[in-house]
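See below for upload33.tsv, which holds TSV, C-alpha atoms and all ligand atoms.
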```
chain	number	residue	atom	x	y	z
A	5	MET	CA	86.96	25.04	110.22
A	6	ASN	CA	87.98	28.61	109.55
A	7	HIS	CA	91.44	29.32	110.91
A	8	SER	CA	91.58	33.00	109.93
A	9	SER	CA	91.37	35.27	112.94
A	10	SER	CA	88.67	37.94	113.11
A	11	PRO	CA	89.98	41.53	112.86
A	12	ALA	CA	91.01	43.08	116.16
A	13	PRO	CA	88.49	45.60	117.47
A	14	ALA	CA	89.32	49.17	116.46
A	15	ARG	CA	91.35	51.04	119.04
A	16	LEU	CA	90.82	54.76	119.67
A	17	PHE	CA	93.52	57.37	119.20
A	18	ALA	CA	93.41	61.15	119.60
A	19	VAL	CA	95.87	63.52	117.94
A	20	ILE	CA	95.70	66.91	119.66
A	21	VAL	CA	97.17	69.74	117.62
A	22	ALA	CA	98.95	72.14	119.98
A	23	ALA	CA	101.80	73.41	117.79
A	24	GLY	CA	100.29	76.82	116.97
A	25	ARG	CA	101.61	80.11	118.30
A	26	GLY	CA	98.17	81.63	118.97
A	27	SER	CA	99.20	85.09	117.80
A	28	ARG	CA	95.61	86.40	117.88
A	29	PHE	CA	95.32	85.62	121.57
A	30	GLY	CA	97.51	88.47	122.81
A	31	GLY	CA	98.45	86.78	126.09
A	32	PRO	CA	101.98	85.93	127.23
A	33	LEU	CA	101.51	82.24	126.37
A	34	PRO	CA	100.14	80.36	123.36
A	35	LYS	CA	96.42	79.92	124.04
A	36	GLN	CA	96.68	76.15	124.57
A	37	TYR	CA	98.88	76.81	127.63
A	38	ALA	CA	96.79	79.66	129.06
A	39	ASP	CA	95.29	79.12	132.48
A	40	LEU	CA	91.82	77.63	132.47
A	41	LYS	CA	90.78	77.76	136.12
A	42	SER	CA	93.70	75.99	137.77
A	43	CYS	CA	95.34	74.22	134.83
A	44	ALA	CA	96.40	74.70	131.23
A	45	VAL	CA	93.80	74.62	128.45
A	46	LEU	CA	95.72	71.70	126.92
A	47	ARG	CA	95.34	69.64	130.10
A	48	GLU	CA	91.54	70.04	130.02
A	49	THR	CA	91.51	69.09	126.35
A	50	ALA	CA	93.61	65.95	126.90
A	51	GLN	CA	91.44	64.96	129.85
A	52	ALA	CA	88.31	65.19	127.71
A	53	PHE	CA	89.67	62.16	125.84
A	54	LEU	CA	91.23	60.41	128.85
A	55	ARG	CA	87.85	60.55	130.64
A	56	TYR	CA	86.04	58.94	127.69
A	57	ARG	CA	84.37	55.65	128.61
A	58	SER	CA	86.58	53.63	126.25
A	59	PRO	CA	90.38	53.89	126.43
A	60	VAL	CA	91.86	56.54	124.13
A	61	SER	CA	95.61	56.78	123.39
A	62	VAL	CA	96.34	60.51	123.27
A	63	LEU	CA	99.24	62.09	121.37
A	64	VAL	CA	99.89	65.83	121.42
A	65	VAL	CA	101.70	67.63	118.58
A	66	ILE	CA	103.67	70.51	120.11
A	67	HIS	CA	105.85	73.39	118.98
A	68	PRO	CA	109.55	72.58	119.55
A	69	ASP	CA	109.87	75.66	121.80
A	70	ASP	CA	107.03	74.52	124.07
A	71	ARG	CA	108.44	71.33	125.60
A	72	GLU	CA	108.66	72.78	129.12
A	73	LEU	CA	105.17	74.27	128.91
A	74	TYR	CA	103.88	70.93	127.67
A	75	ASP	CA	105.56	68.92	130.42
A	76	GLU	CA	104.11	71.21	133.06
A	77	ALA	CA	100.65	71.30	131.48
A	78	VAL	CA	100.18	67.52	131.30
A	79	ALA	CA	102.21	66.44	134.36
A	80	GLY	CA	100.87	63.14	135.69
A	81	LEU	CA	98.63	62.37	132.69
A	82	ASP	CA	99.13	59.09	130.82
A	83	LEU	CA	99.80	60.29	127.25
A	84	LEU	CA	101.85	59.03	124.30
A	85	ALA	CA	105.18	60.79	123.78
A	86	PRO	CA	104.61	64.21	122.16
A	87	VAL	CA	105.70	64.95	118.59
A	88	HIS	CA	107.09	68.20	117.19
A	89	GLY	CA	104.82	69.91	114.69
A	90	GLY	CA	105.70	71.30	111.27
A	91	ALA	CA	105.35	74.61	109.48
A	92	THR	CA	101.57	74.38	109.00
A	93	ARG	CA	98.69	72.78	110.83
A	94	GLN	CA	98.42	70.23	108.06
A	95	ASP	CA	102.09	69.27	108.43
A	96	SER	CA	101.68	69.03	112.19
A	97	VAL	CA	98.74	66.64	111.91
A	98	ARG	CA	100.59	64.45	109.41
A	99	LEU	CA	103.63	64.24	111.71
A	100	GLY	CA	101.34	63.26	114.59
A	101	LEU	CA	99.65	60.56	112.49
A	102	GLU	CA	103.02	59.18	111.34
A	103	ALA	CA	104.04	58.74	114.99
A	104	LEU	CA	101.00	56.60	115.90
A	105	GLU	CA	101.43	52.85	116.04
A	106	ALA	CA	97.93	52.26	114.76
A	107	ALA	CA	96.32	49.68	112.50
A	108	PRO	CA	94.43	50.77	109.36
A	109	GLN	CA	91.04	50.10	110.95
A	110	ASP	CA	91.83	51.95	114.19
A	111	ILE	CA	89.95	55.19	114.76
A	112	VAL	CA	91.81	58.49	115.04
A	113	MET	CA	90.21	61.68	116.32
A	114	ILE	CA	92.07	64.84	115.29
A	115	HIS	CA	91.30	67.69	117.67
A	116	ASP	CA	92.34	71.30	118.32
A	117	ALA	CA	94.14	71.82	121.65
A	118	ALA	CA	92.17	75.03	122.17
A	119	ARG	CA	88.78	73.26	122.30
A	120	PRO	CA	88.78	72.04	125.91
A	121	LEU	CA	84.99	71.76	126.36
A	122	LEU	CA	84.46	68.61	124.32
A	123	ASP	CA	81.39	66.64	125.38
A	124	PRO	CA	81.70	62.81	125.25
A	125	ALA	CA	78.35	62.69	123.42
A	126	ILE	CA	80.06	64.38	120.46
A	127	ILE	CA	82.75	61.69	120.45
A	128	ASP	CA	79.97	59.05	120.53
A	129	ARG	CA	78.21	60.57	117.52
A	130	ALA	CA	81.40	60.97	115.49
A	131	ILE	CA	82.60	57.41	116.10
A	132	ALA	CA	79.18	55.97	115.24
A	133	VAL	CA	79.30	57.66	111.83
A	134	LEU	CA	82.37	55.64	110.83
A	135	GLU	CA	80.15	52.54	110.54
A	136	THR	CA	78.80	53.98	107.29
A	137	SER	CA	81.10	56.85	106.24
A	138	ASP	CA	84.82	57.37	105.70
A	139	ALA	CA	84.99	60.42	107.92
A	140	ALA	CA	83.05	62.39	110.54
A	141	LEU	CA	83.21	66.19	110.67
A	142	VAL	CA	81.86	67.71	113.86
A	143	ALA	CA	80.21	70.99	112.91
A	144	ILE	CA	77.29	73.26	113.76
A	145	PRO	CA	74.82	74.86	111.34
A	146	VAL	CA	75.24	78.57	110.68
A	147	ARG	CA	72.37	80.43	112.30
A	148	ASP	CA	73.46	84.04	111.77
A	149	THR	CA	72.82	85.81	108.52
A	150	ILE	CA	76.02	85.83	106.49
A	151	LYS	CA	77.15	88.88	104.54
A	152	ARG	CA	79.88	89.17	102.00
A	153	GLY	CA	81.73	92.46	102.49
A	154	ALA	CA	83.71	94.66	100.13
A	155	ALA	CA	85.54	97.83	101.17
A	156	GLY	CA	83.55	98.06	104.41
A	157	HIS	CA	80.15	97.71	102.76
A	158	VAL	CA	77.82	94.80	102.18
A	159	ALA	CA	78.38	93.36	98.75
A	160	ALA	CA	75.91	90.49	99.08
A	161	THR	CA	73.83	88.46	101.51
A	162	VAL	CA	74.94	84.84	101.40
A	163	ASP	CA	72.33	82.12	101.64
A	164	ARG	CA	73.13	80.42	104.93
A	165	GLU	CA	71.16	77.31	104.12
A	166	ASN	CA	73.45	74.29	104.15
A	167	LEU	CA	76.33	76.29	105.64
A	168	TRP	CA	78.11	74.69	108.60
A	169	ARG	CA	80.92	75.86	110.85
A	170	ALA	CA	83.56	73.13	111.15
A	171	GLN	CA	84.75	72.16	114.62
A	172	THR	CA	86.87	69.27	115.83
A	173	PRO	CA	87.27	66.40	116.46
A	174	GLN	CA	87.37	65.23	112.88
A	175	VAL	CA	87.31	61.45	112.98
A	176	PHE	CA	88.70	58.88	110.54
A	177	ARG	CA	89.99	55.34	110.09
A	178	TYR	CA	93.74	55.55	110.52
A	179	GLY	CA	94.70	53.89	107.22
A	180	LYS	CA	92.59	56.22	105.10
A	181	ILE	CA	93.48	59.52	106.76
A	182	ILE	CA	97.22	58.92	106.84
A	183	ALA	CA	97.16	58.01	103.13
A	184	ALA	CA	95.15	61.17	102.41
A	185	HIS	CA	97.60	63.31	104.40
A	186	ARG	CA	100.61	61.82	102.62
A	187	ALA	CA	98.96	62.59	99.28
A	188	ALA	CA	98.10	66.16	100.30
A	189	VAL	CA	101.57	67.32	101.39
A	190	GLY	CA	102.14	70.90	100.25
A	191	LEU	CA	98.49	71.78	99.63
A	192	ASP	CA	98.04	73.85	102.86
A	193	LEU	CA	94.47	72.77	103.60
A	194	THR	CA	92.96	74.27	106.77
A	195	ASP	CA	91.41	71.16	108.28
A	196	ASP	CA	91.55	67.40	108.06
A	197	ALA	CA	88.10	67.09	106.52
A	198	ALA	CA	89.49	69.10	103.58
A	199	VAL	CA	92.37	66.62	103.34
A	200	ALA	CA	89.83	63.80	103.30
A	201	GLU	CA	87.68	65.56	100.70
A	202	GLN	CA	90.78	66.03	98.55
A	203	ALA	CA	91.28	62.25	98.68
A	204	GLY	CA	87.70	61.63	97.57
A	205	MET	CA	86.51	60.40	100.97
A	206	LYS	CA	82.89	60.74	102.00
A	207	VAL	CA	82.74	63.14	104.98
A	208	GLU	CA	79.60	63.04	107.09
A	209	LEU	CA	78.48	66.03	109.15
A	210	VAL	CA	77.99	65.34	112.86
A	211	MET	CA	76.28	67.81	115.19
A	212	GLY	CA	78.77	69.61	117.44
A	213	SER	CA	77.95	72.10	120.17
A	214	GLU	CA	78.33	75.82	120.84
A	215	ASP	CA	80.36	74.97	123.97
A	216	ASN	CA	82.91	73.14	121.84
A	217	PHE	CA	84.29	76.47	120.64
A	218	LYS	CA	87.93	77.22	119.94
A	219	ILE	CA	89.65	79.55	122.39
A	220	THR	CA	91.12	82.24	120.18
A	221	THR	CA	90.74	85.52	122.09
A	222	ALA	CA	90.93	86.61	125.72
A	223	ASP	CA	87.11	86.84	125.68
A	224	ASP	CA	86.94	83.19	124.62
A	225	LEU	CA	89.18	82.24	127.53
A	226	ALA	CA	86.92	84.13	129.95
A	227	ARG	CA	83.89	82.31	128.51
A	228	ALA	CA	85.62	78.93	128.86
A	229	ASN	CA	86.47	79.76	132.47
A	230	ARG	CA	82.81	80.51	133.20
A	231	LEU	CA	81.77	77.21	131.62
A	232	VAL	CA	84.31	75.01	133.41
A	233	GLY	CA	83.48	76.63	136.73
A	234	ALA	CA	80.64	74.17	137.07
A	235	ALA	CA	83.10	71.30	136.84
A	236	TYR	CA	84.74	72.02	140.20
A	237	GLU	CA	83.90	70.87	143.68
A	238	PHE	CA	84.75	72.43	147.02
A	239	ARG	CA	86.15	70.49	149.96
A	240	THR	CA	86.64	71.60	153.53
A	241	GLY	CA	89.12	70.18	156.03
A	242	GLN	CA	89.69	70.93	159.68
A	243	GLY	CA	92.72	70.61	161.89
A	244	PHE	CA	93.43	70.82	165.62
A	245	ASP	CA	96.72	70.90	167.51
A	246	VAL	CA	98.06	71.44	171.02
A	247	HIS	CA	101.58	72.01	172.30
A	248	GLN	CA	102.71	72.26	175.90
A	249	LEU	CA	104.30	75.43	177.27
A	250	VAL	CA	107.64	74.88	179.05
A	251	GLU	CA	110.51	77.04	180.19
A	252	GLY	CA	111.81	79.25	177.41
A	253	ASP	CA	111.81	82.73	175.94
A	254	HIS	CA	109.85	82.62	172.67
A	255	VAL	CA	107.12	80.80	170.79
A	256	TRP	CA	106.53	80.22	167.06
A	257	ILE	CA	102.89	80.77	166.08
A	258	ASN	CA	101.68	80.94	162.47
A	259	GLY	CA	105.21	81.31	161.19
A	260	ILE	CA	106.04	84.29	163.42
A	261	ARG	CA	108.59	84.28	166.27
A	262	ILE	CA	107.11	85.96	169.33
A	263	PRO	CA	109.16	86.73	172.47
A	264	HIS	CA	107.40	85.14	175.45
A	265	THR	CA	107.94	83.96	179.02
A	266	ALA	CA	107.75	80.30	177.90
A	267	LYS	CA	108.22	78.18	174.77
A	268	LEU	CA	106.17	75.51	173.08
A	269	LEU	CA	107.52	71.97	173.44
A	270	GLY	CA	107.71	69.81	170.35
A	271	HIS	CA	109.88	67.80	167.98
A	272	SER	CA	109.80	70.57	165.35
A	273	ASP	CA	109.50	74.28	166.11
A	274	ALA	CA	106.10	73.38	167.67
A	275	ASP	CA	104.21	75.99	165.62
A	276	VAL	CA	100.75	75.02	166.78
A	277	GLY	CA	98.95	77.25	164.25
A	278	LEU	CA	100.80	75.99	161.19
A	279	HIS	CA	100.35	72.39	162.38
A	280	ALA	CA	96.57	72.82	162.67
A	281	LEU	CA	96.42	74.48	159.25
A	282	THR	CA	98.59	71.78	157.64
A	283	ASP	CA	96.19	69.15	158.97
A	284	ALA	CA	93.19	71.13	157.69
A	285	LEU	CA	94.65	71.21	154.15
A	286	LEU	CA	95.55	67.51	154.27
A	287	GLY	CA	92.03	66.80	155.50
A	288	ALA	CA	90.46	68.70	152.61
A	289	ILE	CA	92.20	66.48	150.06
A	290	GLY	CA	91.99	63.23	152.05
A	291	ALA	CA	95.78	62.99	152.37
A	292	GLY	CA	96.18	61.77	155.94
A	293	ASP	CA	97.67	63.95	158.65
A	294	ILE	CA	100.87	65.78	159.44
A	295	GLY	CA	102.24	62.80	161.37
A	296	ASN	CA	102.00	60.58	158.25
A	297	HIS	CA	104.01	63.01	156.16
A	298	PHE	CA	106.47	64.21	158.82
A	299	PRO	CA	106.78	61.52	161.52
A	300	PRO	CA	107.95	62.94	164.89
A	301	THR	CA	110.30	59.95	165.09
A	302	ASP	CA	112.20	61.21	162.02
A	303	GLU	CA	115.38	63.09	162.96
A	304	ARG	CA	115.05	65.21	159.81
A	305	TRP	CA	112.20	67.13	161.41
A	306	ARG	CA	113.91	67.86	164.75
A	307	GLY	CA	113.60	71.61	165.28
A	308	ALA	CA	112.15	71.93	161.76
A	309	ASP	CA	110.63	75.15	160.49
A	310	SER	CA	106.94	74.21	160.26
A	311	SER	CA	106.54	76.33	157.13
A	312	LYS	CA	107.99	73.26	155.35
A	313	PHE	CA	105.02	71.18	156.50
A	314	LEU	CA	102.49	73.76	155.39
A	315	ALA	CA	104.21	74.29	152.02
A	316	HIS	CA	104.14	70.52	151.44
A	317	ALA	CA	100.40	70.37	152.10
A	318	GLY	CA	99.92	73.28	149.67
A	319	GLN	CA	101.98	71.41	147.08
A	320	LEU	CA	99.81	68.30	147.47
A	321	VAL	CA	96.71	70.43	146.82
A	322	ALA	CA	98.34	71.83	143.67
A	323	GLU	CA	99.27	68.34	142.46
A	324	LYS	CA	95.59	67.42	142.55
A	325	GLY	CA	94.81	70.40	140.32
A	326	GLY	CA	93.37	72.18	143.35
A	327	ARG	CA	93.43	75.74	144.59
A	328	ILE	CA	93.21	76.92	148.17
A	329	THR	CA	90.12	79.08	148.38
A	330	HIS	CA	90.36	80.10	152.01
A	331	CYS	CA	91.90	79.19	155.33
A	332	ASP	CA	91.03	80.29	158.84
A	333	VAL	CA	93.18	79.65	161.94
A	334	THR	CA	92.10	80.25	165.53
A	335	ILE	CA	94.75	80.36	168.28
A	336	ILE	CA	93.49	79.50	171.76
A	337	CYS	CA	95.61	80.94	174.59
A	338	GLU	CA	95.72	83.56	177.35
A	339	ARG	CA	99.20	84.80	176.38
A	340	PRO	CA	100.96	85.89	174.24
A	341	LYS	CA	98.55	88.38	172.74
A	342	ILE	CA	97.99	87.46	169.09
A	343	GLY	CA	96.44	90.75	167.91
A	344	PRO	CA	99.71	92.66	167.47
A	345	HIS	CA	101.06	89.83	165.26
A	346	ARG	CA	97.92	89.06	163.30
A	347	ALA	CA	98.82	90.96	160.11
A	348	ALA	CA	102.31	89.45	160.03
A	349	MET	CA	100.85	85.95	160.54
A	350	ILE	CA	98.37	86.40	157.71
A	351	ALA	CA	101.12	87.66	155.41
A	352	ARG	CA	103.40	84.77	156.32
A	353	ILE	CA	100.74	82.07	155.76
A	354	ALA	CA	99.78	83.66	152.43
A	355	GLU	CA	103.45	83.69	151.44
A	356	ILE	CA	104.02	80.03	152.36
A	357	LEU	CA	100.93	78.90	150.44
A	358	GLY	CA	101.35	81.29	147.51
A	359	ILE	CA	97.84	82.72	147.89
A	360	ASP	CA	96.42	86.22	148.40
A	361	VAL	CA	96.25	87.60	151.93
A	362	ASP	CA	92.48	88.02	151.59
A	363	ARG	CA	92.22	84.22	151.48
A	364	VAL	CA	93.79	83.90	154.94
A	365	SER	CA	92.21	84.59	158.32
A	366	VAL	CA	93.87	84.47	161.74
A	367	LYS	CA	91.84	84.83	164.93
A	368	ALA	CA	92.51	84.34	168.64
A	369	THR	CA	90.49	83.61	171.71
A	370	THR	CA	91.08	82.82	175.34
A	371	THR	CA	89.20	80.20	177.34
A	372	GLU	CA	88.41	82.63	180.16
A	373	GLU	CA	91.23	81.14	182.26
A	374	LEU	CA	89.50	77.73	182.17
A	375	GLY	CA	91.20	74.45	181.27
A	376	PHE	CA	94.80	73.84	180.24
A	377	THR	CA	94.94	76.87	177.97
A	378	GLY	CA	93.43	78.99	180.74
A	379	ARG	CA	96.08	77.74	183.17
A	380	ARG	CA	98.75	78.60	180.54
A	381	GLU	CA	99.96	75.01	180.41
A	382	GLY	CA	99.72	74.92	176.65
A	383	ILE	CA	98.43	76.58	173.50
A	384	ALA	CA	95.81	75.08	171.18
A	385	ALA	CA	94.92	75.93	167.59
A	386	GLN	CA	92.03	75.10	165.28
A	387	ALA	CA	92.00	75.60	161.53
A	388	VAL	CA	89.59	75.21	158.65
A	389	ALA	CA	90.68	75.14	154.99
A	390	THR	CA	88.55	75.23	151.87
A	391	VAL	CA	89.98	73.82	148.65
A	392	ARG	CA	88.60	73.82	145.12
A	393	LEU	CA	89.31	70.62	143.19
A	394	PRO	CA	88.47	69.48	139.67
A	395	ALA	CA	85.18	67.54	139.93
A	396	ARG	CA	85.24	63.86	139.13
A	397	ASP	CA	82.41	61.87	137.61
A	401	MG	MG	101.85	69.85	166.46
```
Kindly return the structure encoded in the file as structure tokens.
Amino acid sequence: MNHSSSPAPARLFAVIVAAGRGSRFGGPLPKQYADLKSCAVLRETAQAFLRYRSPVSVLVVIHPDDRELYDEAVAGLDLLAPVHGGATRQDSVRLGLEALEAAPQDIVMIHDAARPLLDPAIIDRAIAVLETSDAALVAIPVRDTIKRGAAGHVAATVDRENLWRAQTPQVFRYGKIIAAHRAAVGLDLTDDAAVAEQAGMKVELVMGSEDNFKITTADDLARANRLVGAAYEFRTGQGFDVHQLVEGDHVWINGIRIPHTAKLLGHSDADVGLHALTDALLGAIGAGDIGNHFPPTDERWRGADSSKFLAHAGQLVAEKGGRITHCDVTIICERPKIGPHRAAMIARIAEILGIDVDRVSVKATTTEELGFTGRREGIAAQAVATVRLPARD
């Protein structure tokens, strides 16, 4: 009987290189932290691996100055602890590899942080190649005619046959690529396939895709934003609230204090408009209702400013990677007149949610003196909110 154990199945690792400064980008942030729809480019890139059908342990190599940007960009994602990069890309990759607790046969995918639009089919193809080759280089064939220039003039037309543009991921067995990197220290090679070539490894070309481009310029970022637009879904939530009118001298509606001949009765400030809108936002993200988050039995919320409730709902949307596209509140009452306060209400709601005023609508109607609102026994409010969330498979 054979007592030797069979080798453990290869585990998958990704090393994402995010240590660059992105000086060609021109924006205020390194390109890997620029805003791609509602989150950082780096977050999209990391999620491309986290969404892969097999588990991938993801490590990001960052610039030492970027720790806060990194923490914000990947908040809530299950990643390995980040590693500080070195002076060159090659150094950064080696430092990332050294930090992995991987076995020689484990598979490591080295990927640029600024390539967020990585299709899982590319990962499939690259991993499959390792059955027969030492390394997989994702690349696409050159289709444009290539010219060699000299002093602003064409010096030669280069035969494009057999020319490929290298992309990432570049995929290796851990034992071989870390040995190759250790041997290549100081050579300043521009990609990991070159490190592998230097070590005499056989590197197989794997078809990449035009969408797997590297965000380098502001135009690239705009293109990436157009492409990821399709990966979002829109959700709508609705909310309804009523508060009773009792003796008093003012009401709070949509965050605005309005002198009145009565007040609204409630545990908090009884802002019927903000309560309806808070419920609409919670509804859009399936997060229960205002009573779950702020129980009326809780003394903390006695007399509370309802802007806290609305801000909390907005924060929950943000934590899901969402953006509030639009919200619309209708106040149902005979008095007070809402019209004179409409602009202030819109501005206040926009301020609480951190969105533009053109994403907020406030309307009012009476019920023609019918029902409890018509008899001025109470005020009702309805709200609808539309939220854009990252799509899930
Ligand atoms: Mg209420």
**OP:** Extract, using all atoms listed in the file, all DNA, RNA and protein residues at most 8 Å from Ala203 in chain A, discarding same-chain residues fewer than 4 positions from it, and format them as JSON, numbers by chain.
**Re:** {"A": [184, 187, 199]}
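For the pair CA of Leu16 in chain A and CA of Tyr236 in chain A, the separation is 27.5 Å.
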Taking all atoms listed in the file into account, produce a table as CSV in which each residue of chain A with an atom at most 6 Å from an atom of ligand MG 401 (chain A) appears once, together with its shortest atom pair and the distance in Å to one decimal, ordered by chain and rising number.
```
residue,atom,partner,partner_atom,distance
A:Asp245,CA,A:MG401,MG,5.3
A:Ala274,CA,A:MG401,MG,5.7
A:Val276,CA,A:MG401,MG,5.3
A:His279,CA,A:MG401,MG,5.0
```
**OP:** Could you pull out every residue with an atom within 6 Å of (95.0, 84.1, 155.0), file coordinates, counting only C-alpha atoms, and send them as an NGL selection string?
**Re:** :A and (331 or 350 or 354 or 361-365)
Original post:
From the list A:Ile111, A:Ala222, A:Ala106, A:Ala198, which residue is nearest Leu33 in chain A when using all atoms listed in the file?
Top reply: A:Ala222
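Polymer residues near (110.1, 75.6, 180.7): counting all atoms listed in the file with a cut-off of 10 Å, they are Gln248, Leu249, Val250, Glu251, Gly252, Asp253, Thr265, Ala266, Lys267, Leu268 and Leu269 of chain A.
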Leaving out Met113 in chain A and any residue of its chain fewer than 5 positions from it, which residues lie within 6 Å of it when counting only C-alpha atoms, given as a PDB file with C-alpha atoms, in the frame of the given file?
```
ATOM      1  CA  ALA A  18      93.410  61.150 119.600  1.00  0.00           C
ATOM      2  CA  PRO A 173      87.270  66.400 116.460  1.00  0.00           C
ATOM      3  CA  GLN A 174      87.370  65.230 112.880  1.00  0.00           C
ATOM      4  CA  VAL A 175      87.310  61.450 112.980  1.00  0.00           C
TER       5      VAL A 175
END
```
Starting from the incomplete input, reconstruct N, CA and C atoms of range 364-387 of chain A and write that as a compact mmCIF listing (two decimals), keeping the file's coordinate frame.
```txt
# COMPACT_ATOMS: atom_id res chain seq x y z
N VAL A 364 93.26 84.41 153.66
CA VAL A 364 93.79 83.90 154.94
C VAL A 364 93.16 84.68 156.09
N SER A 365 92.74 83.96 157.11
CA SER A 365 92.21 84.59 158.32
C SER A 365 92.93 84.02 159.54
N VAL A 366 93.29 84.90 160.46
CA VAL A 366 93.87 84.47 161.74
C VAL A 366 93.05 85.13 162.85
N LYS A 367 92.61 84.32 163.80
CA LYS A 367 91.84 84.83 164.93
C LYS A 367 92.45 84.27 166.22
N ALA A 368 92.04 84.84 167.35
CA ALA A 368 92.51 84.34 168.64
C ALA A 368 91.39 84.44 169.65
N THR A 369 91.45 83.54 170.61
CA THR A 369 90.49 83.61 171.71
C THR A 369 91.17 83.07 172.97
N THR A 370 90.66 83.45 174.09
CA THR A 370 91.08 82.82 175.34
C THR A 370 90.00 81.81 175.74
N THR A 371 90.27 81.05 176.80
CA THR A 371 89.20 80.20 177.34
C THR A 371 88.80 80.69 178.73
N GLU A 372 88.86 82.02 178.90
CA GLU A 372 88.41 82.63 180.16
C GLU A 372 89.11 82.00 181.37
N GLU A 373 90.38 81.71 181.20
CA GLU A 373 91.23 81.14 182.26
C GLU A 373 90.78 79.74 182.69
N LEU A 374 89.94 79.09 181.87
CA LEU A 374 89.50 77.73 182.17
C LEU A 374 90.36 76.73 181.40
N GLY A 375 90.53 75.54 181.97
CA GLY A 375 91.20 74.45 181.27
C GLY A 375 92.69 74.69 181.11
N PHE A 376 93.33 73.78 180.31
CA PHE A 376 94.80 73.84 180.24
C PHE A 376 95.29 75.11 179.57
N THR A 377 94.49 75.62 178.60
CA THR A 377 94.94 76.87 177.97
C THR A 377 94.76 78.02 178.95
N GLY A 378 93.69 77.95 179.74
CA GLY A 378 93.43 78.99 180.74
C GLY A 378 94.51 79.02 181.82
N ARG A 379 95.01 77.83 182.15
CA ARG A 379 96.08 77.74 183.17
C ARG A 379 97.46 77.99 182.55
N ARG A 380 97.50 78.29 181.28
CA ARG A 380 98.75 78.60 180.54
C ARG A 380 99.70 77.41 180.55
N GLU A 381 99.12 76.21 180.51
CA GLU A 381 99.96 75.01 180.41
C GLU A 381 100.28 74.67 178.95
N GLY A 382 99.49 75.21 178.07
CA GLY A 382 99.72 74.92 176.65
C GLY A 382 98.92 75.87 175.79
N ILE A 383 99.15 75.77 174.49
CA ILE A 383 98.43 76.58 173.50
C ILE A 383 97.78 75.62 172.51
N ALA A 384 96.53 75.91 172.15
CA ALA A 384 95.81 75.08 171.18
C ALA A 384 95.53 75.92 169.93
N ALA A 385 95.30 75.24 168.83
CA ALA A 385 94.92 75.93 167.59
C ALA A 385 93.93 75.07 166.82
N GLN A 386 92.98 75.75 166.18
CA GLN A 386 92.03 75.10 165.28
C GLN A 386 92.16 75.77 163.92
N ALA A 387 91.95 75.01 162.87
CA ALA A 387 92.00 75.60 161.53
C ALA A 387 90.97 74.94 160.63
```
